[in-house]
file target.pdb (PDB, C-alpha atoms, pLDDT in the B column)
ATOM      1  CA  MET S 843      78.085 -99.387 -58.212  1.00 62.00           C
ATOM      2  CA  ARG S 844      80.161 -99.799 -61.373  1.00 63.00           C
ATOM      3  CA  ARG S 845      77.615 -97.783 -63.346  1.00 65.00           C
ATOM      4  CA  LEU S 846      77.721 -94.973 -60.799  1.00 58.00           C
ATOM      5  CA  ILE S 847      81.529 -94.796 -60.942  1.00 60.00           C
ATOM      6  CA  PHE S 848      81.434 -94.909 -64.762  1.00 55.00           C
ATOM      7  CA  CYS S 849      78.889 -92.049 -64.890  1.00 51.00           C
ATOM      8  CA  LEU S 850      80.939 -89.921 -62.502  1.00 56.00           C
ATOM      9  CA  LEU S 851      84.108 -90.464 -64.535  1.00 53.00           C
ATOM     10  CA  LEU S 852      82.260 -89.656 -67.736  1.00 50.00           C
ATOM     11  CA  VAL S 853      80.852 -86.412 -66.315  1.00 49.00           C
ATOM     12  CA  LEU S 854      84.250 -85.379 -64.968  1.00 55.00           C
ATOM     13  CA  CYS S 855      86.273 -86.315 -68.036  1.00 55.00           C
ATOM     14  CA  LEU S 856      83.937 -85.257 -70.871  1.00 52.00           C
ATOM     15  CA  PRO S 857      84.551 -81.499 -70.555  1.00 57.00           C
ATOM     16  CA  ALA S 858      88.311 -82.021 -70.537  1.00 52.00           C
ATOM     17  CA  ALA S 859      88.107 -84.330 -73.569  1.00 49.00           C
ATOM     18  CA  SER S 860      85.968 -81.892 -75.547  1.00 50.00           C
ATOM     19  CA  ALA S 861      88.333 -79.010 -74.739  1.00 52.00           C
ATOM     20  CA  ALA S 862      91.311 -81.104 -75.831  1.00 52.00           C
ATOM     21  CA  GLN S 863      89.631 -81.738 -79.202  1.00 61.00           C
ATOM     22  CA  GLY S 864      88.790 -78.052 -79.695  1.00 63.00           C
ATOM     23  CA  LEU S 865      85.055 -78.376 -79.070  1.00 62.00           C
ATOM     24  CA  ASP S 866      83.580 -75.263 -77.526  1.00 66.00           C
ATOM     25  CA  LEU S 867      80.124 -76.053 -76.151  1.00 60.00           C
ATOM     26  CA  GLY S 868      79.300 -72.320 -75.995  1.00 63.00           C
ATOM     27  CA  THR S 869      79.992 -71.948 -79.720  1.00 66.00           C
ATOM     28  CA  ILE S 870      77.894 -74.999 -80.539  1.00 61.00           C
ATOM     29  CA  GLU S 871      75.029 -73.601 -78.455  1.00 62.00           C
ATOM     30  CA  ASP S 872      75.363 -70.183 -80.125  1.00 64.00           C
ATOM     31  CA  LYS S 873      75.304 -71.673 -83.632  1.00 64.00           C
ATOM     32  CA  SER S 874      72.242 -73.782 -82.897  1.00 66.00           C
ATOM     33  CA  ALA S 875      70.225 -70.913 -81.353  1.00 82.00           C
ATOM     34  CA  ARG S 876      67.444 -69.295 -83.360  1.00 88.00           C
ATOM     35  CA  LYS S 877      68.035 -65.721 -84.529  1.00 92.00           C
ATOM     36  CA  GLY S 878      66.110 -63.327 -86.706  1.00 94.00           C
ATOM     37  CA  PHE S 879      62.956 -61.278 -87.120  1.00 96.00           C
ATOM     38  CA  GLY S 880      59.347 -62.343 -87.249  1.00 95.00           C
ATOM     39  CA  TRP S 881      55.891 -60.860 -86.984  1.00 96.00           C
ATOM     40  CA  ASP S 882      54.336 -60.895 -83.560  1.00 96.00           C
ATOM     41  CA  LEU S 883      50.750 -61.595 -82.562  1.00 97.00           C
ATOM     42  CA  GLN S 884      49.667 -62.033 -78.963  1.00 98.00           C
ATOM     43  CA  PHE S 885      46.328 -62.281 -77.166  1.00 97.00           C
ATOM     44  CA  GLU S 886      45.901 -61.557 -73.465  1.00 97.00           C
ATOM     45  CA  ALA S 887      42.896 -62.072 -71.221  1.00 96.00           C
ATOM     46  CA  GLY S 888      42.702 -61.033 -67.610  1.00 93.00           C
ATOM     47  CA  TYR S 889      40.652 -60.660 -64.486  1.00 93.00           C
ATOM     48  CA  ALA S 890      41.154 -57.624 -62.235  1.00 88.00           C
ATOM     49  CA  PRO S 891      39.983 -58.435 -58.703  1.00 86.00           C
ATOM     50  CA  LEU S 892      41.688 -55.362 -57.197  1.00 85.00           C
ATOM     51  CA  GLY S 893      41.309 -51.832 -58.436  1.00 84.00           C
ATOM     52  CA  ASN S 894      40.002 -48.355 -57.922  1.00 80.00           C
ATOM     53  CA  PRO S 895      37.414 -47.700 -59.091  1.00 70.00           C
ATOM     54  CA  ALA S 896      36.092 -51.246 -58.992  1.00 69.00           C
ATOM     55  CA  TRP S 897      35.299 -52.229 -62.579  1.00 67.00           C
ATOM     56  CA  ASP S 898      32.231 -54.240 -63.400  1.00 67.00           C
ATOM     57  CA  PRO S 899      32.867 -56.599 -65.086  1.00 69.00           C
ATOM     58  CA  ALA S 900      36.460 -56.841 -63.920  1.00 82.00           C
ATOM     59  CA  LEU S 901      37.682 -58.447 -67.168  1.00 88.00           C
ATOM     60  CA  PHE S 902      40.027 -57.178 -69.818  1.00 87.00           C
ATOM     61  CA  GLY S 903      41.388 -58.339 -73.141  1.00 93.00           C
ATOM     62  CA  ARG S 904      44.327 -57.186 -75.232  1.00 96.00           C
ATOM     63  CA  LEU S 905      45.633 -57.809 -78.740  1.00 98.00           C
ATOM     64  CA  ARG S 906      49.205 -56.964 -79.735  1.00 98.00           C
ATOM     65  CA  LEU S 907      50.445 -56.890 -83.313  1.00 98.00           C
ATOM     66  CA  GLY S 908      54.036 -55.969 -84.112  1.00 98.00           C
ATOM     67  CA  GLY S 909      57.577 -57.200 -84.589  1.00 98.00           C
ATOM     68  CA  LEU S 910      59.576 -59.928 -82.873  1.00 97.00           C
ATOM     69  CA  TRP S 911      63.381 -59.879 -82.675  1.00 97.00           C
ATOM     70  CA  VAL S 912      64.983 -63.129 -81.624  1.00 95.00           C
ATOM     71  CA  HIS S 913      68.454 -64.005 -80.401  1.00 94.00           C
ATOM     72  CA  GLU S 914      67.635 -67.160 -78.515  1.00 91.00           C
ATOM     73  CA  PRO S 915      67.048 -67.472 -75.623  1.00 92.00           C
ATOM     74  CA  TRP S 916      65.880 -63.813 -75.728  1.00 95.00           C
ATOM     75  CA  TYR S 917      62.704 -62.828 -77.561  1.00 96.00           C
ATOM     76  CA  PHE S 918      61.996 -59.067 -77.778  1.00 97.00           C
ATOM     77  CA  ALA S 919      58.606 -57.895 -79.045  1.00 98.00           C
ATOM     78  CA  VAL S 920      57.318 -54.385 -79.773  1.00 98.00           C
ATOM     79  CA  GLY S 921      53.863 -53.684 -81.090  1.00 98.00           C
ATOM     80  CA  GLY S 922      50.671 -51.746 -81.137  1.00 98.00           C
ATOM     81  CA  VAL S 923      47.983 -52.870 -78.697  1.00 97.00           C
ATOM     82  CA  LEU S 924      44.215 -52.612 -78.474  1.00 96.00           C
ATOM     83  CA  THR S 925      42.763 -53.151 -75.007  1.00 92.00           C
ATOM     84  CA  THR S 926      39.199 -53.512 -73.842  1.00 89.00           C
ATOM     85  CA  GLY S 927      38.435 -53.236 -70.149  1.00 82.00           C
ATOM     86  CA  GLY S 928      41.151 -52.215 -67.736  1.00 75.00           C
ATOM     87  CA  LEU S 929      41.103 -48.523 -66.767  1.00 79.00           C
ATOM     88  CA  GLY S 930      38.683 -47.602 -69.549  1.00 77.00           C
ATOM     89  CA  GLU S 931      36.242 -49.175 -71.965  1.00 82.00           C
ATOM     90  CA  PHE S 932      38.774 -49.114 -74.823  1.00 89.00           C
ATOM     91  CA  ALA S 933      42.424 -48.135 -75.125  1.00 91.00           C
ATOM     92  CA  GLY S 934      45.157 -48.236 -77.722  1.00 95.00           C
ATOM     93  CA  GLY S 935      48.892 -47.710 -77.633  1.00 96.00           C
ATOM     94  CA  MET S 936      52.094 -49.711 -77.617  1.00 97.00           C
ATOM     95  CA  GLN S 937      53.712 -52.463 -75.612  1.00 98.00           C
ATOM     96  CA  VAL S 938      57.237 -53.863 -75.299  1.00 98.00           C
ATOM     97  CA  GLU S 939      57.973 -57.341 -73.989  1.00 98.00           C
ATOM     98  CA  LEU S 940      61.137 -59.256 -73.195  1.00 97.00           C
ATOM     99  CA  THR S 941      60.937 -63.045 -72.824  1.00 96.00           C
ATOM    100  CA  HIS S 942      63.650 -65.494 -71.802  1.00 96.00           C
ATOM    101  CA  LEU S 943      62.500 -68.602 -73.622  1.00 91.00           C
ATOM    102  CA  TRP S 944      64.537 -71.185 -71.729  1.00 92.00           C
ATOM    103  CA  THR S 945      63.321 -70.110 -68.272  1.00 95.00           C
ATOM    104  CA  GLY S 946      59.857 -68.978 -69.381  1.00 95.00           C
ATOM    105  CA  PHE S 947      60.012 -65.645 -67.537  1.00 97.00           C
ATOM    106  CA  TRP S 948      58.769 -62.478 -69.263  1.00 97.00           C
ATOM    107  CA  GLY S 949      58.168 -58.800 -68.537  1.00 98.00           C
ATOM    108  CA  GLN S 950      56.056 -56.145 -70.279  1.00 98.00           C
ATOM    109  CA  LEU S 951      55.654 -52.380 -70.298  1.00 97.00           C
ATOM    110  CA  SER S 952      52.701 -50.709 -71.975  1.00 96.00           C
ATOM    111  CA  LEU S 953      51.553 -47.141 -72.540  1.00 95.00           C
ATOM    112  CA  GLU S 954      48.075 -46.537 -73.869  1.00 94.00           C
ATOM    113  CA  GLY S 955      45.511 -43.804 -74.297  1.00 91.00           C
ATOM    114  CA  ASN S 956      41.933 -44.626 -73.366  1.00 84.00           C
ATOM    115  CA  GLU S 957      38.561 -43.267 -74.532  1.00 83.00           C
ATOM    116  CA  ARG S 958      38.603 -40.650 -71.741  1.00 78.00           C
ATOM    117  CA  SER S 959      41.693 -39.096 -73.424  1.00 74.00           C
ATOM    118  CA  GLU S 960      43.873 -40.185 -70.548  1.00 84.00           C
ATOM    119  CA  LEU S 961      47.064 -42.185 -70.455  1.00 90.00           C
ATOM    120  CA  GLN S 962      47.324 -45.527 -68.738  1.00 90.00           C
ATOM    121  CA  ALA S 963      50.620 -47.255 -68.073  1.00 93.00           C
ATOM    122  CA  GLY S 964      51.057 -50.924 -67.265  1.00 94.00           C
ATOM    123  CA  PHE S 965      53.799 -53.187 -65.979  1.00 97.00           C
ATOM    124  CA  GLY S 966      53.348 -56.933 -66.176  1.00 97.00           C
ATOM    125  CA  PHE S 967      55.498 -59.969 -65.531  1.00 97.00           C
ATOM    126  CA  GLY S 968      55.040 -63.690 -65.338  1.00 98.00           C
ATOM    127  CA  TRP S 969      56.090 -67.178 -66.239  1.00 97.00           C
ATOM    128  CA  SER S 970      55.037 -69.166 -69.298  1.00 94.00           C
ATOM    129  CA  ILE S 971      51.487 -68.075 -70.176  1.00 96.00           C
ATOM    130  CA  VAL S 972      50.391 -66.758 -66.745  1.00 97.00           C
ATOM    131  CA  GLY S 973      51.222 -63.449 -65.136  1.00 97.00           C
ATOM    132  CA  ILE S 974      50.073 -60.357 -63.300  1.00 97.00           C
ATOM    133  CA  GLU S 975      49.840 -56.724 -64.346  1.00 95.00           C
ATOM    134  CA  PHE S 976      49.626 -53.430 -62.506  1.00 94.00           C
ATOM    135  CA  MET S 977      48.014 -50.589 -64.438  1.00 91.00           C
ATOM    136  CA  GLN S 978      47.708 -46.953 -63.396  1.00 91.00           C
ATOM    137  CA  SER S 979      46.715 -43.655 -64.946  1.00 86.00           C
ATOM    138  CA  PRO S 980      49.392 -40.954 -64.539  1.00 85.00           C
ATOM    139  CA  HIS S 981      46.621 -38.325 -64.769  1.00 82.00           C
ATOM    140  CA  ARG S 982      44.477 -39.850 -62.053  1.00 80.00           C
ATOM    141  CA  ALA S 983      46.555 -41.339 -59.262  1.00 79.00           C
ATOM    142  CA  ASP S 984      43.424 -42.925 -57.787  1.00 83.00           C
ATOM    143  CA  ASP S 985      42.747 -44.969 -60.985  1.00 84.00           C
ATOM    144  CA  TRP S 986      44.675 -48.256 -60.736  1.00 88.00           C
ATOM    145  CA  LEU S 987      44.202 -51.999 -60.966  1.00 88.00           C
ATOM    146  CA  PHE S 988      45.942 -55.346 -60.477  1.00 91.00           C
ATOM    147  CA  ALA S 989      45.078 -58.084 -62.921  1.00 92.00           C
ATOM    148  CA  ALA S 990      45.826 -61.781 -63.211  1.00 96.00           C
ATOM    149  CA  LYS S 991      46.220 -62.662 -66.866  1.00 96.00           C
ATOM    150  CA  ILE S 992      46.864 -65.350 -69.406  1.00 97.00           C
ATOM    151  CA  ARG S 993      48.809 -64.576 -72.573  1.00 96.00           C
ATOM    152  CA  ILE S 994      48.870 -66.540 -75.791  1.00 96.00           C
ATOM    153  CA  PRO S 995      52.120 -65.676 -77.657  1.00 95.00           C
ATOM    154  CA  ILE S 996      51.227 -66.819 -81.174  1.00 96.00           C
ATOM    155  CA  GLY S 997      54.150 -64.966 -82.791  1.00 95.00           C
ATOM    156  CA  VAL S 998      56.705 -66.688 -80.544  1.00 92.00           C
ATOM    157  CA  ALA S 999      55.180 -70.108 -81.292  1.00 92.00           C
ATOM    158  CA  LEU S1000      55.163 -69.502 -85.063  1.00 94.00           C
ATOM    159  CA  PHE S1001      58.754 -68.263 -85.023  1.00 93.00           C
ATOM    160  CA  GLY S1002      59.817 -71.398 -83.155  1.00 87.00           C
ATOM    161  CA  LEU S1003      58.034 -73.671 -85.608  1.00 90.00           C
ATOM    162  CA  ASN S1004      59.395 -71.919 -88.717  1.00 89.00           C
ATOM    163  CA  HIS S1005      63.054 -71.466 -87.713  1.00 83.00           C
TER     164      HIS S1005
END
call {"tool": "encode", "arguments": {"input": "target.pdb", "output": "structure tokens"}}
result
Amino acid sequence: MRRLIFCLLLVLCLPAASAAQGLDLGTIEDKSARKGFGWDLQFEAGYAPLGNPAWDPALFGRLRLGGLWVHEPWYFAVGGVLTTGGLGEFAGGMQVELTHLWTGFWGQLSLEGNERSELQAGFGFGWSIVGIEFMQSPHRADDWLFAAKIRIPIGVALFGLNH
């Protein structure tokens, strides 16, 4: 019981004591956060169980290479992508991604041109390394797919290890 009372007093009094001594926990957190630029590399692999037309095989892969801007906890990546599978055999274009490192949530937007000379746009979101993506062709409203995917953010990992 004494330990419980001591812990409660400590939790209640510590913020007041740090403020009295001029310690700003927000400033300390801001100074210890990673900031800067790095090169980005990310692999994605997915399975598309839903789509029109039904793709066989219903697998896709993507490689992104670009830049990574960091102001922790936010990681912002922009890069060129090469995609195989999806709405065409091959596609290339660009992708932007915003990741909140401390919660693990991320979101992506991509715009690519495929081998049929058509655009395909994608929106994906997820947590940690797993997520889902919806892809559709603006030129063919009946071409769409949902995919479950795994991403391997190598650029984010390397930035974290080097900074």
call {"tool": "resolve_selection", "arguments": {"input": "target.pdb", "expression": "the PyMOL selection byres ((chain S and resi 927) around 12)", "output": "ChimeraX atom specification"}}
result
/S:886-890,896-904,924-926,928-934,956-957,962,977,987,989
call {"tool": "write_last_selection", "arguments": {"input": "target.pdb", "atoms": "C-alpha atoms", "output": "PDB file, in the coordinates of the input"}}
result
ATOM      1  CA  GLU S 886      45.901 -61.557 -73.465  1.00 97.00           C
ATOM      2  CA  ALA S 887      42.896 -62.072 -71.221  1.00 96.00           C
ATOM      3  CA  GLY S 888      42.702 -61.033 -67.610  1.00 93.00           C
ATOM      4  CA  TYR S 889      40.652 -60.660 -64.486  1.00 93.00           C
ATOM      5  CA  ALA S 890      41.154 -57.624 -62.235  1.00 88.00           C
ATOM      6  CA  ALA S 896      36.092 -51.246 -58.992  1.00 69.00           C
ATOM      7  CA  TRP S 897      35.299 -52.229 -62.579  1.00 67.00           C
ATOM      8  CA  ASP S 898      32.231 -54.240 -63.400  1.00 67.00           C
ATOM      9  CA  PRO S 899      32.867 -56.599 -65.086  1.00 69.00           C
ATOM     10  CA  ALA S 900      36.460 -56.841 -63.920  1.00 82.00           C
ATOM     11  CA  LEU S 901      37.682 -58.447 -67.168  1.00 88.00           C
ATOM     12  CA  PHE S 902      40.027 -57.178 -69.818  1.00 87.00           C
ATOM     13  CA  GLY S 903      41.388 -58.339 -73.141  1.00 93.00           C
ATOM     14  CA  ARG S 904      44.327 -57.186 -75.232  1.00 96.00           C
ATOM     15  CA  LEU S 924      44.215 -52.612 -78.474  1.00 96.00           C
ATOM     16  CA  THR S 925      42.763 -53.151 -75.007  1.00 92.00           C
ATOM     17  CA  THR S 926      39.199 -53.512 -73.842  1.00 89.00           C
ATOM     18  CA  GLY S 928      41.151 -52.215 -67.736  1.00 75.00           C
ATOM     19  CA  LEU S 929      41.103 -48.523 -66.767  1.00 79.00           C
ATOM     20  CA  GLY S 930      38.683 -47.602 -69.549  1.00 77.00           C
ATOM     21  CA  GLU S 931      36.242 -49.175 -71.965  1.00 82.00           C
ATOM     22  CA  PHE S 932      38.774 -49.114 -74.823  1.00 89.00           C
ATOM     23  CA  ALA S 933      42.424 -48.135 -75.125  1.00 91.00           C
ATOM     24  CA  GLY S 934      45.157 -48.236 -77.722  1.00 95.00           C
ATOM     25  CA  ASN S 956      41.933 -44.626 -73.366  1.00 84.00           C
ATOM     26  CA  GLU S 957      38.561 -43.267 -74.532  1.00 83.00           C
ATOM     27  CA  GLN S 962      47.324 -45.527 -68.738  1.00 90.00           C
ATOM     28  CA  MET S 977      48.014 -50.589 -64.438  1.00 91.00           C
ATOM     29  CA  LEU S 987      44.202 -51.999 -60.966  1.00 88.00           C
ATOM     30  CA  ALA S 989      45.078 -58.084 -62.921  1.00 92.00           C
TER      31      ALA S 989
END
call {"tool": "atom_distance", "arguments": {"input": "target.pdb", "atom1": "CA of Gly922 in chain S", "atom2": "CA of Ile994 in chain S"}}
result
15.8 Å
call {"tool": "resolve_selection", "arguments": {"input": "target.pdb", "expression": "the PyMOL selection byres ((chain S and resi 876) around 8)", "output": "ChimeraX atom specification"}}
result
/S:874-875,877-878,912-915,1002,1005
call {"tool": "closest_residue", "arguments": {"input": "target.pdb", "among": "S:Leu1000, S:Trp969, S:Glu960, S:Leu905", "to": "Trp944 in chain S", "atoms": "all atoms listed in the file"}}
result
S:Trp969
call {"tool": "atom_distance", "arguments": {"input": "target.pdb", "atom1": "CA of Ala963 in chain S", "atom2": "CA of Ala919 in chain S"}}
result
17.2 Å
call {"tool": "residues_around", "arguments": {"input": "target.pdb", "residues": "Gln884 in chain S", "least_positions_apart": "3", "cutoff": "7 Å", "atoms": "all atoms listed in the file", "output": "short mmCIF file (atom, residue, chain, number, x, y, z; two decimals) with C-alpha atoms, in the frame of the given file"}}
result
data_model
loop_
_atom_site.label_atom_id
_atom_site.label_comp_id
_atom_site.auth_asym_id
_atom_site.auth_seq_id
_atom_site.Cartn_x
_atom_site.Cartn_y
_atom_site.Cartn_z
CA LEU S 905 45.63 -57.81 -78.74
CA ARG S 906 49.20 -56.96 -79.74
CA LEU S 907 50.44 -56.89 -83.31
CA ARG S 993 48.81 -64.58 -72.57
CA ILE S 994 48.87 -66.54 -75.79
CA PRO S 995 52.12 -65.68 -77.66
CA ILE S 996 51.23 -66.82 -81.17
CA GLY S 997 54.15 -64.97 -82.79
#
call {"tool": "resolve_selection", "arguments": {"input": "target.pdb", "expression": "the PyMOL selection byres ((chain S and resi 978) around 10)", "output": "PDB file with C-alpha atoms, in the coordinates of the input"}}
result
ATOM      1  CA  GLY S 893      41.309 -51.832 -58.436  1.00 84.00           C
ATOM      2  CA  ASN S 894      40.002 -48.355 -57.922  1.00 80.00           C
ATOM      3  CA  GLY S 928      41.151 -52.215 -67.736  1.00 75.00           C
ATOM      4  CA  LEU S 929      41.103 -48.523 -66.767  1.00 79.00           C
ATOM      5  CA  LEU S 953      51.553 -47.141 -72.540  1.00 95.00           C
ATOM      6  CA  LEU S 961      47.064 -42.185 -70.455  1.00 90.00           C
ATOM      7  CA  GLN S 962      47.324 -45.527 -68.738  1.00 90.00           C
ATOM      8  CA  ALA S 963      50.620 -47.255 -68.073  1.00 93.00           C
ATOM      9  CA  GLY S 964      51.057 -50.924 -67.265  1.00 94.00           C
ATOM     10  CA  PHE S 965      53.799 -53.187 -65.979  1.00 97.00           C
ATOM     11  CA  PHE S 976      49.626 -53.430 -62.506  1.00 94.00           C
ATOM     12  CA  MET S 977      48.014 -50.589 -64.438  1.00 91.00           C
ATOM     13  CA  SER S 979      46.715 -43.655 -64.946  1.00 86.00           C
ATOM     14  CA  PRO S 980      49.392 -40.954 -64.539  1.00 85.00           C
ATOM     15  CA  HIS S 981      46.621 -38.325 -64.769  1.00 82.00           C
ATOM     16  CA  ARG S 982      44.477 -39.850 -62.053  1.00 80.00           C
ATOM     17  CA  ALA S 983      46.555 -41.339 -59.262  1.00 79.00           C
ATOM     18  CA  ASP S 984      43.424 -42.925 -57.787  1.00 83.00           C
ATOM     19  CA  ASP S 985      42.747 -44.969 -60.985  1.00 84.00           C
ATOM     20  CA  TRP S 986      44.675 -48.256 -60.736  1.00 88.00           C
ATOM     21  CA  LEU S 987      44.202 -51.999 -60.966  1.00 88.00           C
ATOM     22  CA  PHE S 988      45.942 -55.346 -60.477  1.00 91.00           C
TER      23      PHE S 988
END
call {"tool": "atom_distance", "arguments": {"input": "target.pdb", "atom1": "CA of Phe918 in chain S", "atom2": "CA of Pro891 in chain S"}}
result
29.1 Å
call {"tool": "residues_around", "arguments": {"input": "target.pdb", "residues": "Gly880 in chain S", "least_positions_apart": "2", "cutoff": "7 Å", "atoms": "only C-alpha atoms", "output": "PyMOL selection string"}}
result
chain S and resi 878+882+909-911+1001
call {"tool": "closest_residue", "arguments": {"input": "target.pdb", "among": "S:Phe947, S:Leu1003, S:Val998, S:Ile974", "to": "Gly908 in chain S", "atoms": "only C-alpha atoms"}}
result
S:Val998
